[in-house]
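> Questions regarding the structure given below will be posed in turn.
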Amino acid sequence: MTQVPQTSPTPPRHDVLVLGAGPAGVVAARGLRAAGYSVALVGAPRPFDAFEGLSERAAEGLGSAGCHEALGRLGAEVRRVATWNGETSDANRETLVDRQAFDAGLRRDAAAAGATVLDGRIKRVEETAEGWRVTGRAGENQAFDIEAGFLVEARGRAAPAGGAGGRRGPATTALIRRWRLPSGGAPRTALAAFESGWCWFADLGTGEALFQVMAASGSGELPARPGLEVFYDDRLATIPEAAVWLAEAAPLGGVQARAAGPVLAGTLLGPTFARVGDAAFAVDPLSGNGMFQAVAVALALPAVVNTLIRRPQDRALAESFYRERVEQTFQRMCRVGRDFYRAEERWPRHPFWRARAAWPDEQAAHEPWDSEAPKLSARPVSQDGFIVRQPVIVTPDHPRGVWRVGDVPLLPLMEFLAGDESQSPAAAAAKFGAQAGYPAVSVETALSWLTHRGLAERVGGTIRLHPAPAAQLLKRQDGGPAEA
């Protein structure tokens with residue numbers, strides 16, 4: 001890692017300072033380096049052992065961000081056996097991740113992109129007339145300070161409160177303990193519901209395991225720290241599956257507690273400030289794909305920051321793009337989690353299940369794509385490293401709108417179909433691709449999207465713009481503020 005600078009009257013200065021070296025912080029740092037900014041990333045190595053399950057989509061997102069050192073430190077991919085509402089399934093898979101090793105790989109990925117990586121703990125963050133100044137300490141005695149014009153807050157749930165106007169779901173705490181198993185076995189994970197919560201078990205394949213209990217923690221439902229071990233053991237005794245998973249196992253160390261409820265920060269973005277990852281929004285682990293969603297938003301952040309710095313006249317556009325992306329992702333993931341909780345019907349009156357099955361609202365997590373007609377709207381999108389306004393197609397299942405599929409913009413493709421004679425999909429894709437400079441295979445994918453949405457139709461081996469919905473869509477536009 002880069003040597004930590006000493007405090008001085010003239011601290012080193014960077015364009016952007018990222019606080020937090022987890023997946024979202026590192027992905028954002030790499031993207032900002034690719035945009036040409038000097039970036040410093042400050043993050044303390046994780047002081048405790050931690051394991052978690054990583055979804056395939058999260059791994060793909062990290063791969064697209066170039067985080068190959070981190071991906072090279074993943075553990076085994078396993079089937080997760082889930083017992084929910086009295087039924088057991090092993091349809092899902094996840095990859096076991098040793099977060100200490102994984103996080104070390106992430107810091108290497110940031111350094112490989114040219115970011116200055118500081119392994120230190122942050123003591124103070126202050127806004128100045130020139131931007132931001134951060135002071136901290138590495139190790140026992142080595143102090144540092146550093147300045148930047150723009151600050152990215154990526155310290156996860158440990159970040160300071162996110163300002164007024166945020167949202168919090170039912171308070172949940174993960175209680176985690178490490179166990180020594182009587183004999184080694186193949187790595188595996190399992191999940192089960194019980195009367196007052198749910199649990200996750202991971203056999204690490206090394207003779208050790210983790211057992212995590214998810215418990216309600218609002219309004220005195222969880223005891224103070226000295227009572228956590230007894231509380232944990234009491235819950236464990238009520239879980240039939242745990243008796244099998246931990247048969248003859250011995251605890252290793254104490255019980256760790258980690259916040260795990262859904263949280264949305266009130267202030268997500270400012271002229272020289274942005275929050276990303278769990279510092280912006282964190283979802284209940286039961287929602288699934290929390291890391292993937294954090295990485296996806298982090299991939300979009302560099303264009304937002306680039307617009308704020310280099311095109312300040314488009315600040316409102318950038319703020320609209322980022323705010324709606326974060327807020328709509330948060331809402332959708334919370335509704336997905338709500339539906340999982342509702343699927344467990346054995347204890348509907350227990351406060352744990354009742355609260356989570358009712359939050360955040362009654363709106364569907366995924367609206368059917370054809371529940372209302374598509375419409376055309378001029379909205380902010382990410383293009384060529386900036387946030388710009390483009391015509392997008394808004395559907396119920398894509399409320400932020402879609403302006404291109406892959407690299408192919410949809411409106412020019414629709415206009416091409418409207419003005420061209422009917423021809424085979426392959427011929428249409430080849431012709432439009434040659435005119436606009438896109439691979440024919442990519443155009444065919446975009447044509448399939450239009451056909452599935454009822455905006456194009458196949459007739460006798462040819463493809464054409466659907467005369468009714470497409471014509472109406474091309475005639476009307478609204479100027480809604482959402483993004484694609």
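Ordered as shown in the structure tokens, chains take letters A, B, and onward, while each chain numbers its residues from 1 and ligands are numbered from 1 in the order shown.
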With only C-alpha atoms as the counted atoms, please give the residues lying no more than 9 Å from A:Phe273, apart from itself and same-chain residues fewer than 2 positions off, as number ranges by chain.

A: 150-153, 268-271, 275, 305

> Determine, counting only C-alpha atoms, which protein, DNA and RNA residues have an atom within 8 Å of an atom of A:Pro374; residues of the same chain fewer than 2 positions away are not included. Present the result as a list in words.

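My list of contacting residues is Glu372, Leu376, Ile393, Val394, Thr395, Pro396, Pro469 and Leu473 of chain A.
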
> Write a file of the just-selected residues containing N, CA and C atoms, as a compact mmCIF listing (two decimals), in the first residue's frame.


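Saved as result05.txt:
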# COMPACT_ATOMS: atom_id res chain seq x y z
N GLU A 372 -49.37 -1.00 -18.14
CA GLU A 372 -49.79 0.25 -18.78
C GLU A 372 -48.92 0.47 -19.99
N LEU A 376 -42.79 7.79 -23.91
CA LEU A 376 -41.49 8.37 -24.21
C LEU A 376 -41.30 9.59 -23.33
N ILE A 393 -37.62 5.19 -23.05
CA ILE A 393 -38.91 4.50 -23.06
C ILE A 393 -39.19 4.05 -21.62
N VAL A 394 -40.27 4.56 -21.06
CA VAL A 394 -40.66 4.25 -19.69
C VAL A 394 -41.74 3.18 -19.69
N THR A 395 -41.51 2.10 -18.96
CA THR A 395 -42.51 1.05 -18.80
C THR A 395 -42.67 0.79 -17.30
N PRO A 396 -43.75 0.12 -16.90
CA PRO A 396 -43.94 -0.14 -15.47
C PRO A 396 -42.79 -0.89 -14.82
N PRO A 469 -49.24 1.09 -30.77
CA PRO A 469 -48.54 1.64 -29.59
C PRO A 469 -47.30 2.44 -29.94
N LEU A 473 -46.60 6.33 -29.03
CA LEU A 473 -45.45 6.65 -28.19
C LEU A 473 -44.59 7.73 -28.84

> Nearest residue to A:Ala343 out of A:Gly86, A:Pro391, A:Pro360, A:Pro285, using only C-alpha atoms?

A:Gly86

> Between A:Glu52, A:Glu241, A:Glu195, A:Asp103, which residue has the minimum interatomic distance to A:Ala70, considering only C-alpha atoms?

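When distances to A:Ala70 are compared using only C-alpha atoms, the smallest one comes from A:Asp103.
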
> What residues in stretch 203-436 of chain A get the DSSP label alpha helix (DSSP H)? Please answer as number ranges by chain.

A: 228-236, 240-245, 290-310, 315-343, 351-357, 410-419, 425-436

> Could you save those same residues with C-alpha atoms as an mmCIF file, in the first residue's frame?


data_model
loop_
_atom_site.group_PDB
_atom_site.id
_atom_site.type_symbol
_atom_site.label_atom_id
_atom_site.label_comp_id
_atom_site.auth_asym_id
_atom_site.auth_seq_id
_atom_site.Cartn_x
_atom_site.Cartn_y
_atom_site.Cartn_z
ATOM 1 C CA LEU A 228 -26.082 -10.832 23.938
ATOM 2 C CA GLU A 229 -24.531 -14.262 24.475
ATOM 3 C CA VAL A 230 -27.438 -15.504 26.590
ATOM 4 C CA PHE A 231 -29.921 -13.992 24.102
ATOM 5 C CA TYR A 232 -28.095 -15.697 21.201
ATOM 6 C CA ASP A 233 -28.062 -19.073 22.982
ATOM 7 C CA ASP A 234 -31.767 -18.780 23.819
ATOM 8 C CA ARG A 235 -32.607 -18.160 20.166
ATOM 9 C CA LEU A 236 -30.337 -20.971 18.989
ATOM 10 C CA PRO A 240 -34.426 -27.227 15.051
ATOM 11 C CA GLU A 241 -32.071 -26.895 12.082
ATOM 12 C CA ALA A 242 -29.338 -25.432 14.312
ATOM 13 C CA ALA A 243 -29.346 -28.567 16.436
ATOM 14 C CA VAL A 244 -28.317 -30.502 13.323
ATOM 15 C CA TRP A 245 -25.900 -27.959 11.881
ATOM 16 C CA GLY A 290 -27.405 -6.083 -1.659
ATOM 17 C CA MET A 291 -23.745 -6.028 -2.708
ATOM 18 C CA PHE A 292 -24.700 -6.209 -6.382
ATOM 19 C CA GLN A 293 -26.983 -3.188 -6.061
ATOM 20 C CA ALA A 294 -24.281 -1.244 -4.179
ATOM 21 C CA VAL A 295 -21.744 -2.043 -6.900
ATOM 22 C CA ALA A 296 -24.212 -1.144 -9.662
ATOM 23 C CA VAL A 297 -24.803 2.298 -8.143
ATOM 24 C CA ALA A 298 -21.043 2.749 -7.612
ATOM 25 C CA LEU A 299 -20.495 2.039 -11.318
ATOM 26 C CA ALA A 300 -22.891 4.907 -12.131
ATOM 27 C CA LEU A 301 -21.352 7.372 -9.654
ATOM 28 C CA PRO A 302 -18.273 8.504 -11.669
ATOM 29 C CA ALA A 303 -20.457 10.026 -14.403
ATOM 30 C CA VAL A 304 -22.404 11.888 -11.715
ATOM 31 C CA VAL A 305 -19.240 13.233 -10.058
ATOM 32 C CA ASN A 306 -17.756 14.083 -13.460
ATOM 33 C CA THR A 307 -20.849 16.128 -14.289
ATOM 34 C CA LEU A 308 -20.805 17.964 -10.946
ATOM 35 C CA ILE A 309 -17.133 18.896 -11.355
ATOM 36 C CA ARG A 310 -16.822 19.591 -15.079
ATOM 37 C CA ARG A 315 -25.926 19.793 -11.398
ATOM 38 C CA ALA A 316 -29.725 19.428 -11.148
ATOM 39 C CA LEU A 317 -29.670 16.787 -13.876
ATOM 40 C CA ALA A 318 -26.940 14.821 -12.091
ATOM 41 C CA GLU A 319 -28.720 15.081 -8.746
ATOM 42 C CA SER A 320 -32.006 13.876 -10.254
ATOM 43 C CA PHE A 321 -30.279 10.935 -11.931
ATOM 44 C CA TYR A 322 -28.481 9.805 -8.784
ATOM 45 C CA ARG A 323 -31.230 10.456 -6.260
ATOM 46 C CA GLU A 324 -33.859 8.570 -8.214
ATOM 47 C CA ARG A 325 -31.540 5.683 -8.985
ATOM 48 C CA VAL A 326 -30.670 5.221 -5.308
ATOM 49 C CA GLU A 327 -34.181 5.762 -3.972
ATOM 50 C CA GLN A 328 -35.901 3.505 -6.489
ATOM 51 C CA THR A 329 -33.321 0.757 -5.983
ATOM 52 C CA PHE A 330 -33.841 1.001 -2.227
ATOM 53 C CA GLN A 331 -37.622 0.854 -2.544
ATOM 54 C CA ARG A 332 -37.539 -2.101 -4.914
ATOM 55 C CA MET A 333 -35.150 -4.103 -2.718
ATOM 56 C CA CYS A 334 -37.219 -3.378 0.397
ATOM 57 C CA ARG A 335 -40.356 -4.614 -1.377
ATOM 58 C CA VAL A 336 -38.532 -7.766 -2.456
ATOM 59 C CA GLY A 337 -37.542 -8.352 1.170
ATOM 60 C CA ARG A 338 -41.131 -7.703 2.301
ATOM 61 C CA ASP A 339 -42.386 -10.377 -0.092
ATOM 62 C CA PHE A 340 -39.889 -12.911 1.255
ATOM 63 C CA TYR A 341 -41.075 -12.182 4.794
ATOM 64 C CA ARG A 342 -44.701 -12.556 3.705
ATOM 65 C CA ALA A 343 -43.908 -15.944 2.171
ATOM 66 C CA PRO A 351 -43.960 -8.891 16.013
ATOM 67 C CA PHE A 352 -40.791 -9.810 14.073
ATOM 68 C CA TRP A 353 -42.691 -11.177 11.083
ATOM 69 C CA ARG A 354 -45.665 -8.820 11.266
ATOM 70 C CA ALA A 355 -43.495 -5.679 11.095
ATOM 71 C CA ARG A 356 -41.358 -6.887 8.196
ATOM 72 C CA ALA A 357 -44.259 -8.240 6.171
ATOM 73 C CA LEU A 410 -33.864 2.685 -28.878
ATOM 74 C CA LEU A 411 -35.488 5.847 -30.278
ATOM 75 C CA PRO A 412 -33.253 6.058 -33.391
ATOM 76 C CA LEU A 413 -33.888 2.351 -33.961
ATOM 77 C CA MET A 414 -37.647 2.889 -33.754
ATOM 78 C CA GLU A 415 -37.435 5.817 -36.159
ATOM 79 C CA PHE A 416 -35.441 3.626 -38.546
ATOM 80 C CA LEU A 417 -38.137 0.945 -38.441
ATOM 81 C CA ALA A 418 -40.863 3.552 -38.971
ATOM 82 C CA GLY A 419 -39.224 4.849 -42.145
ATOM 83 C CA PRO A 425 -34.897 -8.946 -38.365
ATOM 84 C CA ALA A 426 -31.396 -9.965 -39.456
ATOM 85 C CA ALA A 427 -31.512 -7.648 -42.495
ATOM 86 C CA ALA A 428 -32.904 -4.770 -40.422
ATOM 87 C CA ALA A 429 -30.227 -5.276 -37.785
ATOM 88 C CA ALA A 430 -27.463 -5.355 -40.397
ATOM 89 C CA LYS A 431 -28.727 -2.243 -42.173
ATOM 90 C CA PHE A 432 -29.264 -0.123 -39.043
ATOM 91 C CA GLY A 433 -25.999 -1.374 -37.591
ATOM 92 C CA ALA A 434 -24.095 -0.352 -40.712
ATOM 93 C CA GLN A 435 -25.736 3.084 -40.759
ATOM 94 C CA ALA A 436 -25.306 3.856 -37.059
#

> I want to know what sits within 7 Å of A:Arg33, based on only C-alpha atoms, with residues of the same chain fewer than 3 positions away left out; could you give that as a ChimeraX atom specification?

/A:29-30,36-39,113-115

> What is the atom CA of A:Ala265-atom CA of A:Pro160 distance in Å, reported with one decimal?

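Result for atom CA of A:Ala265 versus atom CA of A:Pro160: 9.8 Å, one decimal.
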
> To one decimal in Å, tell me the separation between atom CA of A:Pro170 and atom CA of A:Phe211.

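Spanning atom CA of A:Pro170 to atom CA of A:Phe211 is a straight-line distance of 21.8 Å.
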
> List the neighbours of A:Leu210 out to 6 Å using only C-alpha atoms; skip same-chain residues closer than 2 positions along the sequence, and give me the result as a list in words.

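What passes the distance filter is Arg177, Arg178, Phe201 and Ala202 of chain A.
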
> Which of these, A:Val97, A:Val16, A:Ala186, A:Arg108, has the shortest distance to A:Ala50 once you count only C-alpha atoms?

A:Val97

> With only C-alpha atoms as the atoms that count, which of A:Arg225, A:Arg99, A:Arg453, A:Arg107 lies nearest to A:Gly25?

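The answer is A:Arg107, which sits nearest to A:Gly25.
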
> Could you list, as JSON, numbers by chain, every residue within 6 Å of A:Leu191, counting only C-alpha atoms and ignoring same-chain residues fewer than 2 positions away?

{"A": [82, 199, 200]}

> Compile the contact shell of A:Ser442 as a ChimeraX atom specification: residues with an atom at most 9 Å away, counting only C-alpha atoms, same-chain residues fewer than 2 positions apart removed.

/A:405-408,429,433,438-440,444-447

> From the list A:Asp49, A:Asp278, A:Glu344, A:Asp119, which residue is nearest A:Phe144 when using only C-alpha atoms?

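Closest to A:Phe144, using only C-alpha atoms: A:Asp119.
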
> Can you check which residues of stretch 89-239 of chain A DSSP gives as strand (DSSP E or B) on the backbone and send them as a PyMOL selection string?

chain A and resi 89-98+116-118+121-128+131-138+142-153+167-168+172-180+188-194+197-203+208-216

> Put those residues in a file: C-alpha atoms, as a CSV table (one decimal), in the first residue's frame.


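New file result25.csv:
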chain,number,residue,atom,x,y,z
A,89,SER,CA,-35.1,-25.9,-1.4
A,90,ASP,CA,-31.5,-25.7,-2.7
A,91,ALA,CA,-32.2,-23.8,-5.9
A,92,ASN,CA,-29.9,-20.9,-5.1
A,93,ARG,CA,-26.2,-20.7,-5.1
A,94,GLU,CA,-23.7,-18.3,-3.4
A,95,THR,CA,-20.0,-18.0,-3.0
A,96,LEU,CA,-18.4,-17.9,0.4
A,97,VAL,CA,-16.3,-14.8,1.0
A,98,ASP,CA,-13.6,-14.3,3.6
A,116,THR,CA,-3.5,6.4,-3.5
A,117,VAL,CA,-4.6,3.8,-0.9
A,118,LEU,CA,-4.2,4.7,2.8
A,121,ARG,CA,-8.7,5.1,10.6
A,122,ILE,CA,-10.4,8.4,10.0
A,123,LYS,CA,-10.6,10.8,13.0
A,124,ARG,CA,-12.1,13.9,11.5
A,125,VAL,CA,-13.8,15.0,8.3
A,126,GLU,CA,-14.3,18.7,7.7
A,127,GLU,CA,-15.5,20.8,4.8
A,128,THR,CA,-13.3,23.7,3.9
A,131,GLY,CA,-13.3,21.2,-0.5
A,132,TRP,CA,-12.6,18.7,2.2
A,133,ARG,CA,-9.9,17.8,4.7
A,134,VAL,CA,-9.6,14.5,6.5
A,135,THR,CA,-7.3,13.6,9.3
A,136,GLY,CA,-6.7,10.2,10.8
A,137,ARG,CA,-4.2,7.7,12.1
A,138,ALA,CA,-2.5,4.6,10.7
A,142,GLN,CA,1.3,7.6,12.6
A,143,ALA,CA,-1.1,10.5,11.9
A,144,PHE,CA,-2.1,11.7,8.5
A,145,ASP,CA,-4.1,14.4,6.8
A,146,ILE,CA,-5.2,14.8,3.2
A,147,GLU,CA,-7.3,17.2,1.2
A,148,ALA,CA,-9.6,16.9,-1.8
A,149,GLY,CA,-12.0,18.9,-3.8
A,150,PHE,CA,-14.7,16.2,-3.8
A,151,LEU,CA,-15.6,13.7,-1.1
A,152,VAL,CA,-17.2,10.2,-1.6
A,153,GLU,CA,-18.6,8.7,1.6
A,167,ARG,CA,-35.9,6.2,5.8
A,168,ARG,CA,-35.4,3.4,8.2
A,172,THR,CA,-32.7,-5.7,12.8
A,173,THR,CA,-29.4,-6.9,14.2
A,174,ALA,CA,-27.3,-9.8,13.0
A,175,LEU,CA,-25.8,-11.8,15.9
A,176,ILE,CA,-22.8,-13.8,14.7
A,177,ARG,CA,-20.6,-16.4,16.3
A,178,ARG,CA,-17.9,-18.7,15.1
A,179,TRP,CA,-18.0,-22.4,15.9
A,180,ARG,CA,-15.6,-25.3,15.9
A,188,ARG,CA,-22.0,-25.3,2.5
A,189,THR,CA,-24.5,-22.7,3.5
A,190,ALA,CA,-28.1,-22.9,4.8
A,191,LEU,CA,-30.9,-20.6,5.8
A,192,ALA,CA,-33.9,-21.2,8.0
A,193,ALA,CA,-36.8,-19.3,9.5
A,194,PHE,CA,-37.8,-19.7,13.1
A,197,GLY,CA,-36.4,-14.4,13.3
A,198,TRP,CA,-34.2,-16.2,10.7
A,199,CYS,CA,-30.7,-17.6,10.6
A,200,TRP,CA,-27.8,-18.3,8.3
A,201,PHE,CA,-25.3,-21.1,8.7
A,202,ALA,CA,-22.0,-21.4,6.8
A,203,ASP,CA,-19.7,-24.4,7.0
A,208,GLU,CA,-15.1,-24.1,11.4
A,209,ALA,CA,-18.5,-22.6,10.9
A,210,LEU,CA,-20.5,-19.3,11.3
A,211,PHE,CA,-24.0,-19.2,12.7
A,212,GLN,CA,-25.8,-15.9,12.3
A,213,VAL,CA,-29.1,-15.1,14.0
A,214,MET,CA,-31.2,-12.2,12.7
A,215,ALA,CA,-33.2,-10.6,15.5
A,216,ALA,CA,-35.5,-7.5,16.0
